[in-house]
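Beneath this line is the structure, given in structure tokens, with notes to follow.
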Amino acid sequence: MGIISTRTRLYRFNALDALAVAAYVGFTLYFSLAGESVERLMLQVFPEPATASYAVNAVFYASVGVFAAASAWRIVGRDFRILGTRPWFTLGMVPLAVVVMLIITAVFVGVIGGVQNSQNQLGIQGLLQHVPAWLMVPLLVILGPFVEEYLFRHLLIGKLSQYVNIWICCIVSTVLFASIHTIGREGLQLQALAPYLGMAVVLVGVYVWTGKNLMFSFLVHAAKNLLAVVLIYAVPADLLPS
């Protein structure tokens, strides 16, 4: 009974969850509706456009991340302890999950009929060309994946599934995760959606498969982003899409 009660408390929505969601949605809507004015304001503080864009993203994820970490620290500690009891499983399955993600993404791209870089992806590539790795890696490999796994897996599946069928939660998580990364000023483009759908399907799958282990899905997400960062830094700038 005590174990069940503890698990129920861990997966109960709280005020910090509400603050994290409000910060994420609020910042997203504000940047979507007033993005140009934000850019102009940041350019008054930072002379380089890339530095200004990096600062906006850092503030965005750090603001949400504070509430996410404060809410989920018990889950984080528990899940890391679980993974620590099976280190070889973790070391083997994380890269395997990334490989599966790449395969599924290729399938989605093939079915949809090609891929189109989203505004989000082009923005990241632009940052990676102008911002040093020691600044980008913490943002793209640690802070960003943690915030997104907390929101799209821990909240939308781990906690919401206490009230809604888990498969509905998985679908909602997948669709929202892919959509939030692709919708921009040009609207939602199906060909831009494909890579993020493949990514979301695997992240949802490993989260549910490991018994809602937030840190395992975080490690898979972080590993995929790290691979992307390494590849982009390794590819000459003149070969990247402009």
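Naming works like this for the structure tokens: A, B, ... for the chains as they're shown, residue 1 at the start of each chain, ligands 1 onward in shown order.
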
Test item, alpha helix (DSSP H) assignment across stretch 17-220 of chain A, answer as a ChimeraX atom specification: /A:17-45,49-84,87-112,119-130,133-137,144-149,166-182,190-209,214-220

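By only C-alpha atoms, and with residues fewer than 4 positions from A:Val229 along its chain excluded, the set lying at most 12 Å from it is Gln121, Ile124, Gln125, Gly126, Leu127, Leu128, Gln129, Val131, Pro132, Ala133, Trp134, Leu135, Met136, Val137, Pro138, Leu139, Leu140, Val141, Ala222, Ala223, Lys224, Asn225, Tyr233, Ala234 and Val235 of chain A.
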
Please write the residues from the selection above to a file, keeping N, CA and C atoms, as a short mmCIF file (atom, residue, chain, number, x, y, z; two decimals), in the first residue's frame.
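Dumped to again03.cif:
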data_model
loop_
_atom_site.label_atom_id
_atom_site.label_comp_id
_atom_site.auth_asym_id
_atom_site.auth_seq_id
_atom_site.Cartn_x
_atom_site.Cartn_y
_atom_site.Cartn_z
N GLN A 121 14.54 23.56 -37.40
CA GLN A 121 15.78 22.89 -37.78
C GLN A 121 16.76 23.86 -38.43
N ILE A 124 18.36 25.98 -35.75
CA ILE A 124 19.40 25.26 -35.01
C ILE A 124 20.68 25.18 -35.82
N GLN A 125 20.54 24.86 -37.11
CA GLN A 125 21.72 24.79 -37.96
C GLN A 125 22.44 26.13 -38.03
N GLY A 126 21.65 27.21 -38.09
CA GLY A 126 22.26 28.54 -38.10
C GLY A 126 23.02 28.83 -36.82
N LEU A 127 22.46 28.43 -35.69
CA LEU A 127 23.14 28.62 -34.40
C LEU A 127 24.43 27.83 -34.34
N LEU A 128 24.37 26.59 -34.81
CA LEU A 128 25.56 25.73 -34.74
C LEU A 128 26.70 26.25 -35.61
N GLN A 129 26.36 27.03 -36.62
CA GLN A 129 27.41 27.59 -37.49
C GLN A 129 28.09 28.80 -36.86
N VAL A 131 27.67 29.70 -33.11
CA VAL A 131 27.84 29.63 -31.66
C VAL A 131 28.75 28.47 -31.32
N PRO A 132 29.74 28.64 -30.44
CA PRO A 132 30.68 27.57 -30.13
C PRO A 132 30.00 26.36 -29.47
N ALA A 133 30.64 25.20 -29.65
CA ALA A 133 30.07 23.95 -29.16
C ALA A 133 29.88 23.95 -27.65
N TRP A 134 30.80 24.58 -26.91
CA TRP A 134 30.69 24.55 -25.45
C TRP A 134 29.46 25.28 -24.94
N LEU A 135 28.87 26.12 -25.77
CA LEU A 135 27.60 26.76 -25.41
C LEU A 135 26.40 25.97 -25.93
N MET A 136 26.53 25.40 -27.13
CA MET A 136 25.41 24.70 -27.75
C MET A 136 25.12 23.34 -27.13
N VAL A 137 26.18 22.62 -26.76
CA VAL A 137 25.97 21.26 -26.22
C VAL A 137 25.12 21.27 -24.95
N PRO A 138 25.38 22.12 -23.95
CA PRO A 138 24.50 22.12 -22.77
C PRO A 138 23.04 22.41 -23.10
N LEU A 139 22.82 23.30 -24.09
CA LEU A 139 21.46 23.67 -24.45
C LEU A 139 20.75 22.55 -25.20
N LEU A 140 21.41 22.01 -26.24
CA LEU A 140 20.77 21.03 -27.12
C LEU A 140 20.84 19.60 -26.61
N VAL A 141 21.81 19.31 -25.77
CA VAL A 141 22.02 17.91 -25.35
C VAL A 141 21.55 17.67 -23.91
N ALA A 222 18.91 12.84 -25.66
CA ALA A 222 20.18 13.54 -25.58
C ALA A 222 21.20 12.94 -26.55
N ALA A 223 21.23 11.61 -26.63
CA ALA A 223 22.17 10.95 -27.54
C ALA A 223 21.88 11.28 -28.99
N LYS A 224 20.61 11.32 -29.35
CA LYS A 224 20.24 11.68 -30.72
C LYS A 224 20.65 13.11 -31.03
N ASN A 225 20.40 14.03 -30.09
CA ASN A 225 20.78 15.43 -30.31
C ASN A 225 22.29 15.59 -30.37
N TYR A 233 28.57 19.99 -36.82
CA TYR A 233 29.88 20.64 -36.65
C TYR A 233 30.93 20.02 -37.57
N ALA A 234 30.73 18.74 -37.90
CA ALA A 234 31.70 18.05 -38.74
C ALA A 234 31.54 18.38 -40.21
N VAL A 235 30.31 18.78 -40.62
CA VAL A 235 30.03 19.06 -42.03
C VAL A 235 30.41 20.51 -42.33
#

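Of the listed residues (A:Ser71, A:Val202, A:Gly211, A:Ser53), A:Val202 comes nearest to A:Ile104; the distances count only C-alpha atoms.
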
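With only C-alpha atoms as the atoms that count, the minimum distance from A:Phe67 to the choices A:Gln44, A:Asn14, A:Thr28, A:Gln191 is reached by A:Asn14.
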
Residues of stretch 211-239 of chain A at most 10 Å from stretch 156-171 of chain A: nearest atom pair and distance in Å, only C-alpha atoms, as JSON lines:
{"residue": "A:Gly211", "atom": "CA", "partner": "A:Gly158", "partner_atom": "CA", "distance": 9.3}
{"residue": "A:Lys212", "atom": "CA", "partner": "A:Gly158", "partner_atom": "CA", "distance": 6.2}
{"residue": "A:Asn213", "atom": "CA", "partner": "A:Gly158", "partner_atom": "CA", "distance": 9.0}
{"residue": "A:Leu214", "atom": "CA", "partner": "A:Gly158", "partner_atom": "CA", "distance": 8.7}

Straight-line distance linking atom CA of A:Val56 with atom CA of A:Ser179, stated in Å to one decimal: 20.4 Å

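Separating atom CA of A:Gly198 from atom CA of A:Val109 is a distance of 8.7 Å.
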
Interatomic distance (Å, one decimal) between atom CA of A:Leu19 and atom CA of A:Ala70: 10.6 Å

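For the set A:Leu102, A:Ile180, A:Val175, A:Ala72, the residue with the smallest atom-to-atom gap to A:Ser32 is A:Ile180, counting only C-alpha atoms.
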
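Of the listed residues (A:Ser173, A:Ser63, A:Thr8, A:Thr85), A:Ser173 comes nearest to A:Met199; the distances count only C-alpha atoms.
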
For A:Gly114, the nearest of the candidates A:Leu193, A:Val206, A:Leu33, A:Val21, counting only C-alpha atoms: A:Leu193

Using only C-alpha atoms: which of A:Met215, A:Ala15, A:Ala194, A:Ala50 has the shortest distance to A:Val107: A:Ala194

Distance query A:Ala68 at most 7 Å, only C-alpha atoms, self and fewer than 2 positions along chain excluded, as a PyMOL selection string: chain A and resi 17+20+64-66+70-72+147+150

Keeping only all heavy atoms, write the selected residues to a file as a PDB file, in the first residue's frame.
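Result went into selection_16.pdb, see below:
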ATOM      1  N   ASP A  17       4.161  21.719 -11.979  1.00  0.00           N
ATOM      2  CA  ASP A  17       3.834  21.252 -13.329  1.00  0.00           C
ATOM      3  C   ASP A  17       3.060  22.331 -14.083  1.00  0.00           C
ATOM      4  O   ASP A  17       3.331  22.615 -15.256  1.00  0.00           O
ATOM      5  CB  ASP A  17       2.991  19.974 -13.279  1.00  0.00           C
ATOM      6  CG  ASP A  17       3.752  18.797 -12.697  1.00  0.00           C
ATOM      7  OD1 ASP A  17       4.984  18.746 -12.852  1.00  0.00           O
ATOM      8  OD2 ASP A  17       3.099  17.932 -12.082  1.00  0.00           O
ATOM      9  N   ALA A  20       5.386  25.105 -15.095  1.00  0.00           N
ATOM     10  CA  ALA A  20       6.254  24.701 -16.209  1.00  0.00           C
ATOM     11  C   ALA A  20       5.489  24.743 -17.524  1.00  0.00           C
ATOM     12  O   ALA A  20       5.992  25.257 -18.537  1.00  0.00           O
ATOM     13  CB  ALA A  20       6.808  23.299 -15.962  1.00  0.00           C
ATOM     14  N   VAL A  64      11.715  27.262 -18.155  1.00  0.00           N
ATOM     15  CA  VAL A  64      10.875  26.072 -18.007  1.00  0.00           C
ATOM     16  C   VAL A  64      11.609  25.004 -17.197  1.00  0.00           C
ATOM     17  O   VAL A  64      11.014  24.315 -16.360  1.00  0.00           O
ATOM     18  CB  VAL A  64      10.466  25.516 -19.382  1.00  0.00           C
ATOM     19  CG1 VAL A  64       9.560  24.296 -19.215  1.00  0.00           C
ATOM     20  CG2 VAL A  64       9.763  26.582 -20.211  1.00  0.00           C
ATOM     21  N   GLY A  65      12.910  24.885 -17.438  1.00  0.00           N
ATOM     22  CA  GLY A  65      13.699  23.850 -16.775  1.00  0.00           C
ATOM     23  C   GLY A  65      13.738  23.988 -15.272  1.00  0.00           C
ATOM     24  O   GLY A  65      13.791  22.978 -14.556  1.00  0.00           O
ATOM     25  N   VAL A  66      13.710  25.206 -14.756  1.00  0.00           N
ATOM     26  CA  VAL A  66      13.701  25.420 -13.302  1.00  0.00           C
ATOM     27  C   VAL A  66      12.478  24.764 -12.677  1.00  0.00           C
ATOM     28  O   VAL A  66      12.573  24.033 -11.682  1.00  0.00           O
ATOM     29  CB  VAL A  66      13.739  26.927 -12.980  1.00  0.00           C
ATOM     30  CG1 VAL A  66      13.422  27.175 -11.509  1.00  0.00           C
ATOM     31  CG2 VAL A  66      15.099  27.511 -13.324  1.00  0.00           C
ATOM     32  N   ALA A  70      12.390  21.244 -10.400  1.00  0.00           N
ATOM     33  CA  ALA A  70      11.822  21.334  -9.056  1.00  0.00           C
ATOM     34  C   ALA A  70      10.674  20.347  -8.876  1.00  0.00           C
ATOM     35  O   ALA A  70      10.485  19.785  -7.785  1.00  0.00           O
ATOM     36  CB  ALA A  70      11.332  22.757  -8.792  1.00  0.00           C
ATOM     37  N   SER A  71       9.922  20.113  -9.945  1.00  0.00           N
ATOM     38  CA  SER A  71       8.792  19.182  -9.867  1.00  0.00           C
ATOM     39  C   SER A  71       9.223  17.721  -9.947  1.00  0.00           C
ATOM     40  O   SER A  71       8.672  16.868  -9.249  1.00  0.00           O
ATOM     41  CB  SER A  71       7.797  19.484 -10.988  1.00  0.00           C
ATOM     42  OG  SER A  71       6.770  18.509 -11.028  1.00  0.00           O
ATOM     43  N   ALA A  72      10.217  17.435 -10.806  1.00  0.00           N
ATOM     44  CA  ALA A  72      10.523  16.031 -11.143  1.00  0.00           C
ATOM     45  C   ALA A  72      11.778  15.487 -10.469  1.00  0.00           C
ATOM     46  O   ALA A  72      12.216  14.394 -10.817  1.00  0.00           O
ATOM     47  CB  ALA A  72      10.645  15.891 -12.659  1.00  0.00           C
ATOM     48  N   VAL A 147      13.838  19.199 -20.649  1.00  0.00           N
ATOM     49  CA  VAL A 147      12.569  19.929 -20.617  1.00  0.00           C
ATOM     50  C   VAL A 147      11.524  19.233 -21.480  1.00  0.00           C
ATOM     51  O   VAL A 147      10.369  19.055 -21.063  1.00  0.00           O
ATOM     52  CB  VAL A 147      12.781  21.389 -21.093  1.00  0.00           C
ATOM     53  CG1 VAL A 147      11.439  22.063 -21.383  1.00  0.00           C
ATOM     54  CG2 VAL A 147      13.542  22.182 -20.043  1.00  0.00           C
ATOM     55  N   TYR A 150      10.388  15.859 -19.979  1.00  0.00           N
ATOM     56  CA  TYR A 150       9.527  16.139 -18.824  1.00  0.00           C
ATOM     57  C   TYR A 150       8.117  16.505 -19.293  1.00  0.00           C
ATOM     58  O   TYR A 150       7.115  15.985 -18.774  1.00  0.00           O
ATOM     59  CB  TYR A 150      10.138  17.267 -17.994  1.00  0.00           C
ATOM     60  CG  TYR A 150       9.163  17.961 -17.070  1.00  0.00           C
ATOM     61  CD1 TYR A 150       8.817  17.403 -15.836  1.00  0.00           C
ATOM     62  CD2 TYR A 150       8.588  19.185 -17.432  1.00  0.00           C
ATOM     63  CE1 TYR A 150       7.916  18.051 -14.994  1.00  0.00           C
ATOM     64  CE2 TYR A 150       7.695  19.827 -16.594  1.00  0.00           C
ATOM     65  CZ  TYR A 150       7.363  19.258 -15.376  1.00  0.00           C
ATOM     66  OH  TYR A 150       6.468  19.897 -14.556  1.00  0.00           O
TER      67      TYR A 150
END
